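The next block is final_15.cif, given as mmCIF, C-alpha atoms and all ligand atoms.
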```cif
data_work
#
loop_
_atom_site.label_atom_id
_atom_site.label_comp_id
_atom_site.auth_asym_id
_atom_site.auth_seq_id
_atom_site.Cartn_x
_atom_site.Cartn_y
_atom_site.Cartn_z
CA MET A 30 117.30 103.61 104.98
CA TYR A 31 119.38 104.26 101.84
CA LYS A 32 122.35 106.14 100.40
CA TYR A 33 122.58 107.65 96.95
CA ARG A 34 124.69 109.58 94.52
CA GLN A 35 123.33 111.74 91.72
CA PHE A 36 124.60 111.55 88.13
CA LYS A 37 122.76 114.26 86.15
CA ASP A 38 119.17 112.95 85.77
CA LYS A 39 119.97 109.55 87.33
CA PHE A 40 120.61 108.39 90.85
CA VAL A 41 122.53 105.36 92.02
CA LEU A 42 120.65 104.16 95.06
CA SER A 43 122.07 101.77 97.65
CA ILE A 44 119.48 100.55 100.12
CA ASP A 45 120.68 99.75 103.64
CA ASN A 46 120.81 96.13 104.72
CA HIS A 47 117.67 94.57 106.24
CA GLN A 48 115.43 97.35 104.90
CA LYS A 49 112.20 96.83 102.97
CA ILE A 50 113.11 97.46 99.34
CA ALA A 51 109.80 98.76 97.93
CA ALA A 52 109.29 101.03 100.93
CA ALA A 53 112.82 102.40 100.56
CA ILE A 54 112.36 103.12 96.83
CA ALA A 55 109.05 104.86 97.56
CA GLU A 56 110.63 106.93 100.34
CA PHE A 57 113.51 107.93 98.05
CA CYS A 58 111.10 109.03 95.30
CA LYS A 59 109.10 110.98 97.86
CA GLU A 60 112.25 112.70 99.15
CA LYS A 61 113.40 113.62 95.63
CA LYS A 62 109.85 114.38 94.42
CA ILE A 63 110.19 111.88 91.55
CA LEU A 64 106.76 111.23 90.00
CA ALA A 65 108.02 110.06 86.60
CA GLY A 66 110.87 107.64 86.12
CA ALA A 67 112.26 104.14 85.97
CA VAL A 68 114.11 101.93 88.41
CA TYR A 69 116.26 98.86 87.86
CA GLY A 70 118.91 96.92 89.68
CA ILE A 71 120.20 93.86 91.48
CA GLY A 72 120.71 92.63 95.03
CA ALA A 73 119.78 89.92 97.51
CA VAL A 74 116.85 89.30 99.82
CA ASN A 75 115.78 86.76 102.43
CA GLU A 76 112.05 87.31 102.09
CA ALA A 77 109.86 88.50 99.25
CA THR A 78 106.14 88.78 98.61
CA LEU A 79 105.18 88.43 94.97
CA ARG A 80 101.84 89.18 93.37
CA PHE A 81 100.12 87.55 90.42
CA LEU A 82 97.06 89.13 88.84
CA ASP A 83 94.56 86.64 87.49
CA PRO A 84 93.00 88.45 84.50
CA ALA A 85 89.93 86.18 84.56
CA THR A 86 88.92 87.05 88.11
CA LYS A 87 90.77 90.42 88.30
CA LYS A 88 91.99 89.16 91.69
CA TYR A 89 95.48 89.40 93.06
CA VAL A 90 97.16 86.30 94.41
CA ASP A 91 100.02 87.11 96.79
CA LYS A 92 102.65 84.68 98.01
CA THR A 93 105.58 85.15 100.39
CA PHE A 94 108.87 83.30 99.93
CA ALA A 95 111.09 83.24 103.03
CA GLU A 96 114.53 82.14 101.86
CA GLN A 97 117.78 83.69 100.66
CA MET A 98 117.44 84.74 96.99
CA GLU A 99 119.39 86.81 94.50
CA ILE A 100 117.60 89.70 92.85
CA CYS A 101 118.56 88.68 89.32
CA ASN A 102 116.59 91.64 88.09
CA LEU A 103 114.32 94.27 89.53
CA THR A 104 112.65 96.50 86.95
CA GLY A 105 109.94 99.03 87.48
CA ASN A 106 108.46 102.38 86.73
CA ILE A 107 107.74 105.40 88.87
CA SER A 108 104.55 107.33 88.28
CA GLU A 109 101.89 109.32 90.09
CA LYS A 110 98.40 108.45 91.25
CA ASP A 111 96.25 110.88 93.24
CA GLY A 112 99.27 113.08 93.91
CA GLN A 113 101.33 110.26 95.44
CA VAL A 114 104.35 108.28 94.26
CA TYR A 115 103.12 105.10 92.55
CA LEU A 116 105.58 102.25 92.00
CA HIS A 117 105.07 99.36 89.61
CA LEU A 118 107.83 96.84 90.30
CA HIS A 119 108.61 93.43 88.85
CA VAL A 120 111.31 91.10 90.06
CA THR A 121 113.12 87.90 89.11
CA LEU A 122 114.58 86.09 92.13
CA GLY A 123 117.21 83.36 91.95
CA ARG A 124 117.03 80.51 94.44
CA ARG A 125 119.81 78.42 95.99
CA ASP A 126 119.20 75.71 93.36
CA TYR A 127 119.66 78.36 90.59
CA THR A 128 116.04 78.28 89.50
CA CYS A 129 114.10 81.53 89.40
CA ILE A 130 110.76 82.75 90.56
CA GLY A 131 109.27 86.04 89.53
CA GLY A 132 106.36 88.37 89.50
CA HIS A 133 105.07 91.68 90.61
CA LEU A 134 107.13 92.76 93.63
CA LEU A 135 104.99 93.80 96.56
CA GLU A 136 107.76 93.91 99.14
CA ALA A 137 111.07 92.25 99.93
CA THR A 138 113.54 92.35 102.80
CA LEU A 139 117.12 93.06 101.82
CA ASN A 140 119.78 90.66 103.06
CA GLY A 141 123.12 91.62 101.56
CA ALA A 142 122.99 94.58 99.22
CA CYS A 143 120.57 96.22 96.85
CA GLU A 144 122.08 98.40 94.14
CA LEU A 145 119.63 100.30 91.98
CA VAL A 146 119.57 103.00 89.33
CA VAL A 147 116.70 105.46 89.42
CA GLU A 148 116.20 107.37 86.18
CA THR A 149 114.08 110.47 86.24
CA LEU A 150 111.98 111.55 83.27
CA ASP A 151 111.83 115.18 82.27
CA GLY A 152 108.35 116.40 83.18
CA PRO A 153 106.17 117.01 86.18
CA SER A 154 104.61 113.54 86.46
CA LEU A 155 103.54 110.31 84.78
CA PRO A 156 99.86 110.13 85.80
CA ARG A 157 97.73 107.03 86.35
CA TYR A 158 94.02 106.35 86.67
CA ALA A 159 91.99 103.33 87.80
CA ASP A 160 90.70 101.59 84.64
CA PRO A 161 87.45 99.73 85.40
CA GLU A 162 87.72 97.41 82.38
CA THR A 163 91.08 95.86 83.26
CA GLY A 164 91.01 96.57 86.99
CA LEU A 165 94.46 98.10 86.55
CA ASN A 166 95.88 101.52 87.28
CA LEU A 167 96.83 102.51 83.75
CA TYR A 168 98.80 105.48 82.44
CA ASP A 169 96.47 108.41 81.99
CA PHE A 170 97.30 109.45 78.44
CA ARG A 171 93.63 110.05 77.57
FE FE A 201 102.74 94.39 87.16
#
```
Reformat the file's structure so that it appears as structure tokens.
Ligand code: FE
Amino acid sequence: MYKYRQFKDKFVLSIDNHQKIAAAIAEFCKEKKILAGAVYGIGAVNEATLRFLDPATKKYVDKTFAEQMEICNLTGNISEKDGQVYLHLHVTLGRRDYTCIGGHLLEATLNGACELVVETLDGPSLPRYADPETGLNLYDFR
């Protein structure tokens, strides 16, 4: 599903071709027991499902794009909710005509390569809780 090399508190993560990127990152964090960290990187995909949260309705709008696109940037954080790895990922995808689309990354299928850095934070976990006011899972620093 992926290969990696460790550099002190960071990992360089190379996801195998045709894998689901979000699932692979989650599996890697589970394997390494990373519940606090950050992830960023680049790559290419041929399908991606993006999510937009409408603050007025608190409803998610998901849309799938099935075409070859560059991952111009994938940035996210790694935290913990209810004892499980919780990923919050955003992505900017470059199309064939050099325009970009972007949003919250739900899932994407790798087609080419996906080269990421996973940084771990010193500490047991970065906890989240479901905030009723925003409808978001916010950091639990209460
Ligand atoms: Fe988000």
Contact check, chain A to ligand FE 201 (chain A), at most 9 Å, counting only C-alpha atoms and all ligand atoms, closest pairs as CSV:
```
residue,atom,partner,partner_atom,distance
A:Arg80,CA,A:FE201,FE,8.2
A:Phe81,CA,A:FE201,FE,8.0
A:Leu82,CA,A:FE201,FE,7.9
A:Gly105,CA,A:FE201,FE,8.6
A:His117,CA,A:FE201,FE,6.0
A:Leu118,CA,A:FE201,FE,6.5
A:His119,CA,A:FE201,FE,6.2
A:Gly132,CA,A:FE201,FE,7.4
A:His133,CA,A:FE201,FE,5.0
A:Leu134,CA,A:FE201,FE,8.0
```
Write out as JSON, numbers by chain which residues come within 9 Å of Gly66 of chain A when counting all atoms listed in the file, dropping same-chain ones fewer than 3 positions away.
-> {"A": [63, 105, 106, 107, 108, 147, 148, 149, 150, 151, 154, 155]}
Measuring atom to atom with all atoms listed in the file, identify which of A:Arg171, A:Lys39, A:Arg124, A:Arg34 is nearest to Ala67 of chain A.
->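 Of all the options, A:Lys39 lies closest to Ala67 of chain A.
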Compile the contact shell of Lys59 of chain A as a list in words: residues with an atom at most 12 Å away, counting all atoms listed in the file, same-chain residues fewer than 2 positions apart removed.
-> Ala52, Ala53, Ile54, Ala55, Glu56, Phe57, Lys61, Lys62, Ile63, Leu64, Ala65, Ile107, Ser108, Glu109, Gly112, Gln113, Val114, Tyr115 and Leu116 of chain A
Separation of atom CA of Ala85 of chain A and atom CA of Val68 of chain A, in Å?
-> 29.1 Å
Please identify all polymer residues within 12 Å of Cys101 of chain A, counting only C-alpha atoms, omitting same-chain residues fewer than 4 positions from it, and present them as a list in words.
->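 Non-adjacent residues within range: Tyr69, Gly70, Ile71, Gly72, Ala73, Val74, His119, Val120, Thr121, Leu122, Gly123, Arg124, Tyr127, Thr128, Cys129, Ile130, Gly131, Cys143, Glu144 and Leu145 of chain A.
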Separation of atom CA of Leu103 of chain A and atom CA of Ala142 of chain A, in Å?
->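 Calculated distance between atom CA of Leu103 of chain A and atom CA of Ala142 of chain A is 13.0 Å.
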Best match for closeness to Leu139 of chain A among A:Ile50, A:Leu167, A:Ala95, A:Cys58, counting all atoms listed in the file =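 Under the stated criterion, the closest residue is A:Ile50.
Taking atom CA of Ala77 of chain A as the reference point, atom CA of Lys110 of chain A is found at 24.4 Å.
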Provide an axis-aligned box for all listed atoms of segment 106-123 of chain A, padding each side by 8 Å; report its centre and its edge lengths in Å to one decimal, as AutoDock Vina command-line options.
```
--center_x 106.7 --center_y 98.2 --center_z 91.1 --size_x 37.0 --size_y 45.7 --size_z 24.7
```
Selection: 10 Å around Thr93 of chain A, all atoms listed in the file, excl. self and same-chain fewer than 6 positions, as a PyMOL selection string = chain A and resi 76-80+135-137
